[in-house]
>>> print(open('entry.cif').read())   # mmCIF, C-alpha atoms
data_protein
loop_
_atom_site.label_atom_id
_atom_site.label_comp_id
_atom_site.auth_asym_id
_atom_site.auth_seq_id
_atom_site.Cartn_x
_atom_site.Cartn_y
_atom_site.Cartn_z
CA MET A 759 0.00 0.00 0.00
CA ASN A 760 2.79 2.37 0.98
CA ILE A 761 4.62 1.67 -2.26
CA PHE A 762 1.46 2.34 -4.16
CA ILE A 763 0.90 5.70 -2.45
CA SER A 764 4.47 6.84 -2.99
CA PHE A 765 4.19 5.73 -6.63
CA ILE A 766 1.13 7.93 -7.13
CA LEU A 767 2.74 10.83 -5.26
CA ALA A 768 5.88 10.54 -7.35
CA ILE A 769 3.78 10.70 -10.52
CA LEU A 770 1.86 13.72 -9.28
CA SER A 771 4.93 15.58 -8.14
CA SER A 772 6.80 15.14 -11.41
CA MET A 773 3.62 16.09 -13.24
CA LEU A 774 2.58 19.21 -11.33
CA ILE A 775 5.36 20.51 -9.10
CA ASP A 776 8.35 19.70 -11.24
CA ASN A 777 6.58 20.05 -14.57
CA VAL A 778 8.78 19.12 -17.54
CA VAL A 779 8.10 22.13 -19.67
CA LEU A 780 7.65 24.86 -17.12
CA SER A 781 10.35 24.07 -14.61
CA ARG A 782 12.76 21.68 -16.29
CA PHE A 783 12.51 23.18 -19.79
CA TYR A 784 12.37 19.86 -21.64
CA GLY A 785 10.56 19.76 -24.94
CA ILE A 786 10.18 23.50 -25.46
CA CYS A 787 10.55 23.10 -29.24
CA PRO A 788 7.38 21.01 -29.77
CA PHE A 789 5.74 22.98 -26.98
CA LEU A 790 6.08 26.15 -29.04
CA GLY A 791 5.97 24.55 -32.47
CA VAL A 792 3.01 22.17 -32.31
CA SER A 793 0.66 24.07 -30.06
CA LYS A 794 -1.28 26.18 -32.50
CA LYS A 795 -4.21 23.74 -32.68
CA VAL A 796 -5.72 21.76 -29.83
CA ASN A 797 -6.02 18.58 -31.90
CA SER A 798 -2.42 18.49 -33.04
CA SER A 799 -1.12 19.24 -29.56
CA LEU A 800 -3.22 16.39 -28.19
CA GLY A 801 -1.73 14.06 -30.82
CA MET A 802 1.79 15.21 -30.05
CA GLY A 803 1.25 14.85 -26.31
CA LEU A 804 -0.12 11.31 -26.62
CA ALA A 805 2.71 10.25 -28.90
CA VAL A 806 5.23 11.63 -26.39
CA VAL A 807 3.59 9.76 -23.48
CA PHE A 808 3.82 6.56 -25.50
CA VAL A 809 7.44 6.96 -26.51
CA ILE A 810 8.68 8.14 -23.10
CA LEU A 811 7.11 5.14 -21.37
CA LEU A 812 8.52 2.66 -23.88
CA ALA A 813 11.93 4.34 -23.84
CA THR A 814 12.09 4.10 -20.05
CA LEU A 815 11.00 0.47 -20.14
CA ILE A 816 13.90 -0.30 -22.47
CA CYS A 817 16.63 2.12 -21.36
CA TRP A 818 16.59 1.35 -17.65
CA PRO A 819 17.22 -2.42 -18.08
CA LEU A 820 19.66 -1.65 -20.88
CA TYR A 821 21.75 0.51 -18.57
CA ASN A 822 21.59 -1.65 -15.49
CA PHE A 823 21.81 -5.11 -17.07
CA VAL A 824 23.93 -4.50 -20.15
CA LEU A 825 26.02 -1.32 -20.00
CA VAL A 826 27.05 -1.52 -16.34
CA PRO A 827 28.01 -5.25 -16.35
CA ALA A 828 29.88 -4.71 -19.60
CA GLY A 829 31.82 -1.85 -18.00
CA ILE A 830 30.77 0.78 -20.51
CA PRO A 831 28.28 2.99 -18.60
CA PHE A 832 29.77 6.07 -20.29
CA LEU A 833 28.15 5.03 -23.56
CA ASP A 834 24.70 5.67 -22.10
CA THR A 835 23.85 8.73 -24.20
CA VAL A 836 24.79 7.03 -27.46
CA ALA A 837 22.83 3.91 -26.52
CA TYR A 838 19.76 5.85 -25.43
CA ILE A 839 19.54 8.01 -28.51
CA LEU A 840 19.83 4.91 -30.70
CA VAL A 841 17.10 3.19 -28.71
CA ILE A 842 14.87 6.24 -28.96
CA ALA A 843 15.44 6.78 -32.68
CA SER A 844 14.73 3.16 -33.55
CA LEU A 845 11.83 3.03 -31.13
CA VAL A 846 10.20 6.00 -32.80
CA GLN A 847 10.59 4.32 -36.19
CA LEU A 848 9.22 1.05 -34.88
CA VAL A 849 6.27 2.60 -33.13
CA GLY A 850 5.48 4.44 -36.34
CA LEU A 851 5.51 1.24 -38.39
CA PHE A 852 3.46 -0.60 -35.78
CA ILE A 853 0.76 2.03 -35.54
CA LYS A 854 0.66 2.33 -39.31
CA LYS A 855 -0.04 -1.39 -39.65
CA TYR A 856 -2.56 -1.88 -36.86
CA SER A 857 -4.35 1.42 -36.56
CA PRO A 858 -4.20 3.55 -39.69
CA SER A 859 -6.57 6.09 -38.18
CA LEU A 860 -4.31 6.60 -35.15
CA TYR A 861 -1.34 6.76 -37.50
CA LYS A 862 -3.05 9.49 -39.45
CA SER A 863 -3.43 11.61 -36.34
CA LEU A 864 -0.06 10.79 -34.72
CA GLY A 865 2.06 9.96 -37.75
CA ILE A 866 3.45 13.36 -38.55
CA TYR A 867 4.51 13.95 -34.94
CA LEU A 868 6.38 10.71 -34.51
CA PRO A 869 9.61 11.70 -36.31
CA LEU A 870 9.68 14.94 -34.31
CA ILE A 871 9.82 13.03 -31.06
CA THR A 872 13.36 11.80 -31.68
CA THR A 873 14.59 15.34 -31.16
CA ASN A 874 12.29 16.05 -28.23
CA CYS A 875 14.61 16.49 -25.28
CA ALA A 876 11.95 15.25 -22.86
CA VAL A 877 12.48 11.65 -24.02
CA LEU A 878 16.26 11.60 -23.75
CA GLY A 879 16.08 13.83 -20.68
CA VAL A 880 13.90 11.40 -18.78
CA ALA A 881 15.90 8.33 -19.79
CA GLN A 882 19.17 10.05 -18.90
CA GLY A 883 17.84 11.58 -15.70
CA ASN A 884 16.57 8.24 -14.44
CA THR A 885 19.92 6.54 -14.66
CA ASP A 886 21.97 9.64 -13.70
CA GLN A 887 20.07 9.89 -10.43
CA GLY A 888 20.25 6.13 -9.91
CA LEU A 889 16.49 5.71 -9.52
CA SER A 890 14.97 2.28 -9.03
CA PHE A 891 12.91 0.74 -11.82
CA LEU A 892 9.63 1.65 -10.15
CA SER A 893 10.65 5.27 -9.49
CA SER A 894 11.90 5.54 -13.07
CA LEU A 895 8.52 4.40 -14.29
CA ALA A 896 6.76 6.88 -12.02
CA ASN A 897 9.06 9.65 -13.24
CA ALA A 898 8.38 8.71 -16.86
CA LEU A 899 4.62 8.58 -16.36
CA GLY A 900 4.48 11.83 -14.44
CA THR A 901 6.77 13.68 -16.82
CA SER A 902 4.96 12.57 -19.95
CA ILE A 903 1.48 13.20 -18.57
CA GLY A 904 2.70 16.57 -17.37
CA PHE A 905 3.86 17.34 -20.89
CA LEU A 906 0.51 16.25 -22.32
CA LEU A 907 -1.37 18.38 -19.80
CA ILE A 908 0.71 21.50 -20.40
CA ILE A 909 0.77 21.32 -24.19
CA VAL A 910 -3.02 20.86 -24.37
CA VAL A 911 -3.75 23.68 -21.93
CA PHE A 912 -1.26 25.90 -23.71
CA SER A 913 -2.79 25.23 -27.12
CA CYS A 914 -6.25 26.10 -25.77
CA ILE A 915 -4.90 29.44 -24.60
CA ARG A 916 -3.09 30.00 -27.89
CA VAL A 917 -6.27 29.47 -29.90
CA ARG A 918 -7.86 32.26 -27.89
CA LEU A 919 -4.76 34.43 -28.30
CA GLU A 920 -5.14 34.37 -32.08
CA SER A 921 -8.16 36.63 -31.87
CA ALA A 922 -6.79 38.80 -29.06
CA ASN A 923 -5.54 42.27 -29.73
CA THR A 924 -1.81 41.96 -29.05
CA PRO A 925 0.82 44.65 -29.77
CA LYS A 926 2.30 44.13 -33.21
CA ALA A 927 5.81 43.33 -31.98
CA PHE A 928 4.48 40.69 -29.58
CA LYS A 929 2.39 38.88 -32.19
CA GLY A 930 3.06 35.17 -32.49
CA LEU A 931 5.89 33.71 -30.45
CA PRO A 932 6.64 36.48 -27.93
CA ILE A 933 3.10 36.60 -26.57
CA ALA A 934 3.05 32.79 -26.43
CA LEU A 935 6.23 32.91 -24.33
CA ILE A 936 4.66 35.49 -22.02
CA THR A 937 1.71 33.10 -21.64
CA ALA A 938 4.13 30.32 -20.79
CA ALA A 939 5.74 32.58 -18.19
CA LEU A 940 2.37 33.24 -16.57
CA MET A 941 1.67 29.51 -16.56
CA ALA A 942 5.04 28.91 -14.93
CA ILE A 943 4.15 31.42 -12.20
CA ALA A 944 0.82 29.66 -11.68
CA PHE A 945 2.56 26.29 -11.40
CA MET A 946 5.04 27.75 -8.91
CA GLY A 947 2.06 28.05 -6.59
CA LEU A 948 1.87 24.26 -6.46
CA GLN A 949 5.32 24.01 -4.88
CA GLY A 950 5.18 22.36 -1.50
CA LEU A 951 1.90 20.69 -2.35
CA PHE A 952 2.97 17.42 -0.75
CA SER A 953 5.27 18.86 1.90
CA GLY A 954 2.86 17.83 4.65
CA ILE A 955 2.86 14.22 3.52
CA VAL A 956 5.77 12.11 4.67
CA LEU A 957 6.87 9.80 1.90
CA MET B 333 31.86 26.26 -57.99
CA ALA B 334 32.78 29.86 -58.47
CA ARG B 335 33.21 31.60 -55.14
CA GLU B 336 32.39 35.18 -54.67
CA LYS B 337 34.87 37.22 -52.72
CA GLY B 338 34.30 37.42 -48.98
CA TYR B 339 32.17 34.27 -48.97
CA THR B 340 33.93 32.90 -45.89
CA LYS B 341 33.31 36.06 -43.91
CA LYS B 342 29.67 36.15 -44.95
CA ASN B 343 29.33 32.46 -44.14
CA PHE B 344 30.68 33.08 -40.64
CA LEU B 345 28.65 36.21 -39.96
CA LYS B 346 25.31 34.82 -41.09
CA GLY B 347 25.18 32.54 -38.05
CA ILE B 348 25.61 35.50 -35.74
CA ILE B 349 23.02 37.92 -37.12
CA ALA B 350 20.95 37.08 -40.18
CA GLU B 351 20.39 33.41 -39.34
CA ASN B 352 21.00 33.43 -35.60
CA PRO B 353 19.91 29.94 -34.53
CA LEU B 354 18.21 31.06 -31.32
CA PHE B 355 16.66 34.44 -32.07
CA VAL B 356 15.83 34.06 -35.76
CA SER B 357 15.31 30.34 -36.35
CA ILE B 358 14.07 29.71 -32.77
CA LEU B 359 16.02 26.47 -32.43
CA GLY B 360 17.69 25.03 -29.36
CA THR B 361 15.36 26.76 -26.96
CA CYS B 362 15.57 24.18 -24.17
CA PRO B 363 19.17 24.82 -23.09
CA ALA B 364 18.72 28.52 -23.83
CA LEU B 365 16.09 28.73 -21.13
CA ALA B 366 17.53 26.18 -18.74
CA THR B 367 21.21 27.14 -18.57
CA THR B 368 20.97 30.92 -18.54
CA LYS B 369 20.67 31.56 -14.82
CA THR B 370 24.17 33.00 -14.74
CA VAL B 371 26.40 34.43 -17.45
CA GLU B 372 29.11 31.99 -16.47
CA ALA B 373 26.88 28.95 -16.99
CA ALA B 374 25.79 30.35 -20.35
CA ILE B 375 29.41 30.80 -21.44
CA GLY B 376 30.13 27.20 -20.43
CA MET B 377 27.09 25.87 -22.27
CA GLY B 378 27.90 27.91 -25.38
CA LEU B 379 31.47 26.65 -25.34
CA LEU B 380 30.51 22.97 -25.08
CA PHE B 381 27.80 23.45 -27.68
CA THR B 382 30.19 25.10 -30.13
CA ILE B 383 32.76 22.33 -29.67
CA VAL B 384 30.18 19.63 -30.40
CA LEU B 385 28.76 21.55 -33.37
CA VAL B 386 32.16 22.20 -34.96
CA CYS B 387 33.46 18.65 -34.44
CA SER B 388 30.34 16.96 -35.73
CA SER B 389 30.09 19.31 -38.71
CA ILE B 390 33.66 18.49 -39.71
CA LEU B 391 33.12 14.75 -39.41
CA VAL B 392 29.80 14.82 -41.25
CA SER B 393 31.36 16.87 -44.01
CA LEU B 394 34.30 14.45 -44.25
CA LEU B 395 31.97 11.47 -44.49
CA ARG B 396 29.38 13.12 -46.73
CA LYS B 397 30.20 10.90 -49.70
CA LEU B 398 30.13 7.71 -47.61
CA ILE B 399 26.84 8.23 -45.81
CA THR B 400 23.96 7.32 -48.07
CA ASP B 401 20.64 9.07 -47.99
CA GLU B 402 18.67 6.30 -46.26
CA ILE B 403 20.85 6.04 -43.17
CA ARG B 404 21.56 9.76 -42.99
CA THR B 405 19.74 10.73 -39.78
CA PRO B 406 20.83 7.75 -37.61
CA ALA B 407 24.41 8.18 -38.78
CA TYR B 408 24.40 11.89 -37.89
CA ILE B 409 22.85 11.20 -34.51
CA VAL B 410 25.53 8.64 -33.66
CA ILE B 411 28.28 11.05 -34.70
CA ILE B 412 26.79 13.83 -32.59
CA ALA B 413 26.18 11.54 -29.60
CA THR B 414 29.80 10.37 -29.73
CA PHE B 415 31.12 13.92 -29.55
CA VAL B 416 28.68 14.79 -26.78
CA THR B 417 29.91 11.81 -24.76
CA LEU B 418 33.51 12.91 -25.29
CA VAL B 419 32.72 16.47 -24.25
CA LYS B 420 30.79 15.20 -21.24
CA MET B 421 33.70 13.09 -20.04
CA PHE B 422 36.20 15.90 -20.55
CA THR B 423 33.99 18.33 -18.65
CA ASN B 424 33.52 15.86 -15.84
CA ALA B 425 37.27 15.40 -15.57
CA PHE B 426 38.52 18.97 -15.94
CA LEU B 427 35.61 21.26 -15.03
CA PRO B 428 33.52 19.31 -12.50
CA GLU B 429 31.69 22.47 -11.36
CA LEU B 430 30.51 23.14 -14.91
CA TYR B 431 29.49 19.49 -15.22
CA SER B 432 27.33 19.59 -12.11
CA THR B 433 25.82 22.99 -13.02
CA LEU B 434 24.73 21.99 -16.50
CA GLY B 435 23.85 18.43 -15.48
CA VAL B 436 21.67 16.57 -17.92
CA PHE B 437 21.74 19.46 -20.40
CA ILE B 438 25.18 18.42 -21.59
CA SER B 439 23.71 15.11 -22.74
CA LEU B 440 20.79 16.95 -24.24
CA ILE B 441 23.07 18.68 -26.77
CA VAL B 442 22.51 15.44 -28.74
CA VAL B 443 18.89 16.35 -29.39
CA ASN B 444 19.55 20.04 -29.92
CA CYS B 445 17.92 20.70 -33.28
CA ILE B 446 20.67 23.11 -34.33
CA VAL B 447 23.40 20.48 -34.44
CA LEU B 448 21.36 17.99 -36.43
CA GLY B 449 19.98 20.82 -38.55
CA ARG B 450 23.42 22.12 -39.55
CA ALA B 451 24.62 18.58 -40.28
CA GLU B 452 21.62 17.98 -42.49
CA ALA B 453 21.35 21.36 -44.15
CA TYR B 454 24.95 22.43 -44.54
CA ALA B 455 27.72 19.99 -43.62
CA SER B 456 26.30 17.15 -45.72
CA LYS B 457 26.51 19.27 -48.87
CA ASN B 458 29.61 21.40 -48.45
CA ASN B 459 33.35 20.90 -48.09
CA VAL B 460 35.15 20.66 -44.78
CA PHE B 461 36.39 24.24 -44.59
CA ASP B 462 33.02 25.81 -45.37
CA SER B 463 31.31 23.50 -42.89
CA LEU B 464 33.83 24.45 -40.23
CA ILE B 465 33.22 28.16 -40.78
CA ASP B 466 29.46 27.67 -40.85
CA ALA B 467 29.52 25.66 -37.61
CA LEU B 468 31.79 28.22 -35.93
CA GLY B 469 29.48 31.06 -36.93
CA MET B 470 26.41 29.22 -35.69
CA GLY B 471 28.16 28.24 -32.45
CA VAL B 472 29.33 31.78 -31.75
CA GLY B 473 25.90 33.16 -32.66
CA TYR B 474 24.19 30.75 -30.30
CA THR B 475 26.69 31.45 -27.52
CA LEU B 476 26.23 35.22 -27.85
CA ALA B 477 22.46 34.76 -27.84
CA ILE B 478 22.38 32.73 -24.63
CA ILE B 479 24.92 35.04 -22.99
CA SER B 480 22.66 37.99 -23.74
CA MET B 481 19.75 36.16 -22.13
CA ALA B 482 21.84 35.23 -19.11
CA PHE B 483 23.03 38.84 -18.83
CA PHE B 484 19.52 40.14 -18.18
CA ARG B 485 18.51 37.19 -16.03
CA GLU B 486 21.52 37.40 -13.75
CA LEU B 487 21.53 41.19 -13.58
CA LEU B 488 17.84 41.53 -12.73
CA GLY B 489 17.54 38.32 -10.74
CA THR B 490 20.54 38.62 -8.42
CA GLY B 491 21.65 42.20 -8.96
CA ALA B 492 25.24 41.10 -9.44
CA PHE B 493 27.54 39.23 -11.78
CA THR B 494 29.52 36.44 -10.21
CA PHE B 495 32.49 34.88 -11.95
CA GLY B 496 34.84 32.16 -10.81
CA LYS B 497 32.26 29.83 -9.33
CA ILE B 498 32.08 27.53 -12.34
CA PHE B 499 35.41 28.22 -14.01
CA THR B 500 37.33 27.71 -10.79
CA PHE B 501 40.70 28.49 -12.38
CA ILE B 502 39.89 32.22 -12.34
CA PRO B 503 39.58 34.07 -9.01
CA THR B 504 36.05 34.62 -7.70
CA VAL B 505 34.75 38.08 -8.55
CA LYS B 506 31.39 39.51 -7.59
CA LEU B 507 30.24 42.73 -9.22
CA GLN B 508 27.28 44.13 -7.33
CA ILE B 509 25.40 46.42 -9.72
CA ILE B 510 21.89 46.65 -8.31
CA PRO B 511 21.96 47.25 -4.54
CA LYS B 512 20.85 44.36 -2.34
CA GLY B 513 17.12 44.20 -1.75
CA TYR B 514 16.26 45.67 -5.14
CA GLU B 515 16.79 42.55 -7.23
CA ILE B 516 13.79 40.77 -8.79
CA MET B 517 14.09 37.13 -7.77
CA MET B 518 11.60 36.06 -10.43
CA PHE B 519 14.17 36.41 -13.19
CA GLN B 520 16.12 33.51 -11.70
CA ASN B 521 12.99 31.34 -11.90
CA PRO B 522 11.67 29.59 -15.02
CA ALA B 523 9.02 32.29 -15.46
CA GLY B 524 11.75 34.91 -15.76
CA ALA B 525 13.48 32.89 -18.45
CA PHE B 526 10.33 32.85 -20.54
CA ILE B 527 9.76 36.58 -20.05
CA VAL B 528 13.34 37.55 -20.99
CA PHE B 529 13.17 35.38 -24.11
CA ALA B 530 9.77 36.85 -25.04
CA ILE B 531 10.95 40.43 -24.66
CA ILE B 532 14.13 39.86 -26.68
CA LEU B 533 12.07 38.30 -29.49
CA ALA B 534 9.59 41.17 -29.31
CA VAL B 535 12.37 43.76 -29.57
CA ILE B 536 13.76 41.95 -32.61
CA ALA B 537 10.29 41.82 -34.17
CA PHE B 538 9.85 45.54 -33.41
CA ILE B 539 13.12 46.44 -35.13
CA LYS B 540 12.21 44.27 -38.11
CA ASN B 541 8.76 45.85 -38.39
CA ARG B 542 10.28 49.31 -38.14
CA LYS B 543 12.79 48.52 -40.87
CA ALA B 544 10.08 47.10 -43.12
CA GLU B 545 7.94 50.18 -42.50
CA LEU B 546 10.79 52.55 -43.31
CA LYS B 547 11.54 50.63 -46.47
CA ALA B 548 7.88 50.66 -47.51
CA ASN B 549 7.73 54.39 -46.81
CA LEU B 550 10.83 55.06 -48.88
CA GLU B 551 9.44 53.01 -51.74
CA LYS B 552 6.14 54.88 -51.50
CA GLN B 553 7.88 58.24 -51.59
CA GLU B 554 10.00 57.12 -54.50
CA LYS B 555 6.84 56.04 -56.34
CA ILE B 556 5.12 59.36 -55.68
CA ARG B 557 8.22 61.26 -56.79
CA LYS B 558 8.41 59.22 -59.98
CA ALA B 559 4.71 59.69 -60.67
CA GLN B 560 5.08 63.46 -60.17
CA GLU B 561 8.11 63.56 -62.43
CA ALA B 562 6.25 61.63 -65.11
CA LYS B 563 3.29 63.97 -64.73
CA ALA B 564 5.51 67.03 -65.01
CA ALA B 565 7.25 65.56 -68.04
CA ALA B 566 3.91 64.77 -69.65
CA ALA B 567 2.66 68.29 -68.89
CA ALA B 568 5.83 69.78 -70.34
CA ALA B 569 5.49 67.65 -73.44
CA GLN B 570 1.87 68.67 -73.79
CA ALA B 571 2.77 72.33 -73.34
CA GLN B 572 5.44 71.97 -75.99
CA THR B 573 3.04 70.39 -78.48
CA ALA B 574 0.51 73.09 -77.61
CA ASN B 575 3.18 75.72 -78.20
CA GLY B 576 4.12 73.98 -81.40
CA GLY B 577 0.47 74.08 -82.43
CA ASP B 578 0.35 77.83 -81.78
CA LYS B 579 3.30 78.50 -83.96
#
>>> encode(input="entry.cif", output="structure tokens")
Amino acid sequence: MNIFISFILAILSSMLIDNVVLSRFYGICPFLGVSKKVNSSLGMGLAVVFVILLATLICWPLYNFVLVPAGIPFLDTVAYILVIASLVQLVGLFIKKYSPSLYKSLGIYLPLITTNCAVLGVAQGNTDQGLSFLSSLANALGTSIGFLLIIVVFSCIRVRLESANTPKAFKGLPIALITAALMAIAFMGLQGLFSGIVL
Amino acid sequence: MAREKGYTKKNFLKGIIAENPLFVSILGTCPALATTKTVEAAIGMGLLFTIVLVCSSILVSLLRKLITDEIRTPAYIVIIATFVTLVKMFTNAFLPELYSTLGVFISLIVVNCIVLGRAEAYASKNNVFDSLIDALGMGVGYTLAIISMAFFRELLGTGAFTFGKIFTFIPTVKLQIIPKGYEIMMFQNPAGAFIVFAIILAVIAFIKNRKAELKANLEKQEKIRKAQEAKAAAAAAQAQTANGGDK
């Protein structure tokens, strides 16, 4: 029971308090690039959740059962990026075969995920901090759901921004960044959310 | 290929101003926001980034005839990841403070779109020297861009510039510019990073708009002047024919 509670808390804290985009700055490129429409940001977010989870499931055992026993832990970055790149390809092929409709909505975002720092960042962070397999999984789940949450909320705001009367110089990206700053301030308010709970 | 004179200089300078990777192409935003708390960290990040970019550009350019089109992206990623690992190990050994400050963001240079983008767009099509110059220009442009962001963030957020904490081989210097108690802590937080980036982009957009307006105005005036001249010429011609008719 205790493990279960700490698992949930770990997910929530990496999702809300330590949000990927707003406090760790992973995945800013897709966050700014693919957030003009709610639908596409939802697709991107789901694809990222999928890939981050799979990447963690593969990278953690790869590091602990292959790279460390073989004495080459310094090759982690090279190994991870290869895993992620091939994983993205594979997932793309798989979805294309079994669910063409899902492929249609996710397909164009899949290649972009290889260069999303959130994926490599989570895989690398998990092994750099020496997390256990369960904590790594919680971190991956929380981070990716946090990304999904933020990119969808952000795209909703951006749709409204299109029709707002912004100063000419701030049109487009600058006002979106100001929005992100305000969201970051709002999320700062969640800090210490679980401080009363002893893990 | 015929080369115009001053191509190398132009090639170098384009990365700094006209095609600045951060402020014009909006690439590599993650480290630009994450590692710009202090000017010193930004210098370190820019340095490591430039080293990786230059080395991988040279290697990609050297191998450009060997790497076929189908395996292009994986091959580039492996090349970049190798250099990042090298840089990471060197930093860990010789500048441990920089290593612990930048943390996972050193590894994340691998997925920095600028490096892969330059490999794909430039180094794979041009000779080694040109690729080297292009990579150097882009690296310096990116470094200057993140230093300028860090400048405002450190100045407004802490009120002082501190050097010597990360590069421990220089003596520690602290330049207090804004008196204590007047600094705005927010600029050290993520929100401040977003705001500084937004304002810099807005200023650039403002200057661009202003330039475009001035140019449009000049063109308009030129048009009006030309139209007036043509009118005057036509009137003169008419007057002449009228005069001719009188005679």
>>> closest_residue(input="entry.cif", among="B:Lys552, B:Arg450, B:Arg542, B:Lys558", to="Leu359 (chain B)", atoms="only C-alpha atoms")
B:Arg450
>>> interface_residues(input="entry.cif", of="chain A", to="chain B", cutoff="6 Å", atoms="all atoms listed in the file", output="list in words")
Ser781, Phe783, Tyr784, Ile786, Val836, Thr873, Cys875, Ala927, Phe928, Pro932, Leu935, Ile936, Ala939, Ala942 and Ile943 of chain A
>>> write_last_selection(input="entry.cif", atoms="C-alpha atoms", output="PDB file, in the coordinates of the input")
ATOM      1  CA  SER A 781      10.350  24.070 -14.610  1.00  0.00           C
ATOM      2  CA  PHE A 783      12.510  23.180 -19.790  1.00  0.00           C
ATOM      3  CA  TYR A 784      12.370  19.860 -21.640  1.00  0.00           C
ATOM      4  CA  ILE A 786      10.180  23.500 -25.460  1.00  0.00           C
ATOM      5  CA  VAL A 836      24.790   7.030 -27.460  1.00  0.00           C
ATOM      6  CA  THR A 873      14.590  15.340 -31.160  1.00  0.00           C
ATOM      7  CA  CYS A 875      14.610  16.490 -25.280  1.00  0.00           C
ATOM      8  CA  ALA A 927       5.810  43.330 -31.980  1.00  0.00           C
ATOM      9  CA  PHE A 928       4.480  40.690 -29.580  1.00  0.00           C
ATOM     10  CA  PRO A 932       6.640  36.480 -27.930  1.00  0.00           C
ATOM     11  CA  LEU A 935       6.230  32.910 -24.330  1.00  0.00           C
ATOM     12  CA  ILE A 936       4.660  35.490 -22.020  1.00  0.00           C
ATOM     13  CA  ALA A 939       5.740  32.580 -18.190  1.00  0.00           C
ATOM     14  CA  ALA A 942       5.040  28.910 -14.930  1.00  0.00           C
ATOM     15  CA  ILE A 943       4.150  31.420 -12.200  1.00  0.00           C
TER      16      ILE A 943
END
>>> atom_distance(input="entry.cif", atom1="CA of Ile498 (chain B)", atom2="CA of Phe426 (chain B)")
11.3 Å
>>> residues_around(input="entry.cif", residues="region 840-850 of chain A", least_positions_apart="3", cutoff="8 Å", atoms="only C-alpha atoms", output="list of chain:residue names")
A:Val809, A:Leu812, A:Ala813, A:Ile816, A:Cys817, A:Val836, A:Ala837, A:Ile853, A:Lys854, A:Tyr861, A:Gly865, A:Leu868, A:Pro869, A:Ile871, A:Thr872, A:Val877, A:Leu878, B:Pro406, B:Ile409, B:Val410
>>> axis_aligned_box(input="entry.cif", around="region 553-561 of chain B", padding_each_side="4 Å", output="JSON")
{"center_x": 7.4, "center_y": 59.8, "center_z": -57.0, "size_x": 13.3, "size_y": 15.5, "size_z": 18.8}
>>> closest_residue(input="entry.cif", among="B:Leu385, B:Ala477, B:Ala562, B:Leu464", to="Leu354 (chain B)", atoms="only C-alpha atoms")
B:Ala477
>>> closest_residue(input="entry.cif", among="A:Ile830, A:Ala934, A:Val880, A:Leu790", to="Leu899 (chain A)", atoms="all atoms listed in the file")
A:Val880
>>> atom_distance(input="entry.cif", atom1="CA of Leu379 (chain B)", atom2="CA of Phe355 (chain B)")
18.0 Å
>>> closest_residue(input="entry.cif", among="A:Asn884, A:Asn897, A:Ser902, A:Ser793", to="Ala805 (chain A)", atoms="only C-alpha atoms")
A:Ser902
>>> residues_around(input="entry.cif", residues="Asp776 (chain A)", least_positions_apart="6", cutoff="10 Å", atoms="only C-alpha atoms", output="ChimeraX atom specification")
/A:770,782,900-901,904,945-946,948-949
>>> write_last_selection(input="entry.cif", atoms="C-alpha atoms", output="mmCIF file, keeping the file's coordinate frame")
data_model
loop_
_atom_site.group_PDB
_atom_site.id
_atom_site.type_symbol
_atom_site.label_atom_id
_atom_site.label_comp_id
_atom_site.auth_asym_id
_atom_site.auth_seq_id
_atom_site.Cartn_x
_atom_site.Cartn_y
_atom_site.Cartn_z
ATOM 1 C CA LEU A 770 1.860 13.720 -9.280
ATOM 2 C CA ARG A 782 12.760 21.680 -16.290
ATOM 3 C CA GLY A 900 4.480 11.830 -14.440
ATOM 4 C CA THR A 901 6.770 13.680 -16.820
ATOM 5 C CA GLY A 904 2.700 16.570 -17.370
ATOM 6 C CA PHE A 945 2.560 26.290 -11.400
ATOM 7 C CA MET A 946 5.040 27.750 -8.910
ATOM 8 C CA LEU A 948 1.870 24.260 -6.460
ATOM 9 C CA GLN A 949 5.320 24.010 -4.880
#
>>> closest_atom_pairs(input="entry.cif", of="region 793-841 of chain A", to="region 911-921 of chain A", cutoff="8 Å", atoms="all atoms listed in the file", output="CSV")
residue,atom,partner,partner_atom,distance
A:Ser793,CA,A:Ser913,CA,4.7
A:Lys794,CA,A:Ser913,CA,5.7
A:Lys795,CA,A:Ser913,CA,5.9
A:Val796,CA,A:Ser913,CA,5.3
A:Ser799,CA,A:Ser913,CA,6.7
>>> atom_distance(input="entry.cif", atom1="CA of Lys369 (chain B)", atom2="CA of Asp834 (chain A)")
27.2 Å
>>> residues_around(input="entry.cif", residues="region 819-824 of chain A", least_positions_apart="5", cutoff="10 Å", atoms="only C-alpha atoms", output="VMD selection string")
chain A and resid 814 829 to 834 837 to 838 841 881 to 882 885 888 891
>>> closest_residue(input="entry.cif", among="A:Ser890, A:Ser764, A:Thr937, A:Ser857", to="Ile908 (chain A)", atoms="all atoms listed in the file")
A:Thr937
>>> resolve_selection(input="entry.cif", expression="the PyMOL selection byres ((chain B and resi 391-399) around 6)", output="list of chain:residue names")
B:Ser388, B:Ser389, B:Ile390, B:Thr400, B:Ala455, B:Ser456, B:Val460
>>> closest_residue(input="entry.cif", among="A:Leu870, A:Ala898, A:Ile775, A:Ala768", to="Leu815 (chain A)", atoms="all atoms listed in the file")
A:Ala898
>>> residues_near_point(input="entry.cif", point="(22.9, 30.2, -20.9)", cutoff="6 Å", atoms="all atoms listed in the file", output="list in words")
Ala364, Thr367, Thr368, Ala373, Ala374, Ile478, Ile479 and Ala482 of chain B
>>> resolve_selection(input="entry.cif", expression="the PyMOL selection byres ((chain B and resi 472) around 12)", output="PyMOL selection string")
chain B and resi 344-349+351-354+375+377-383+385-386+465-471+473-479
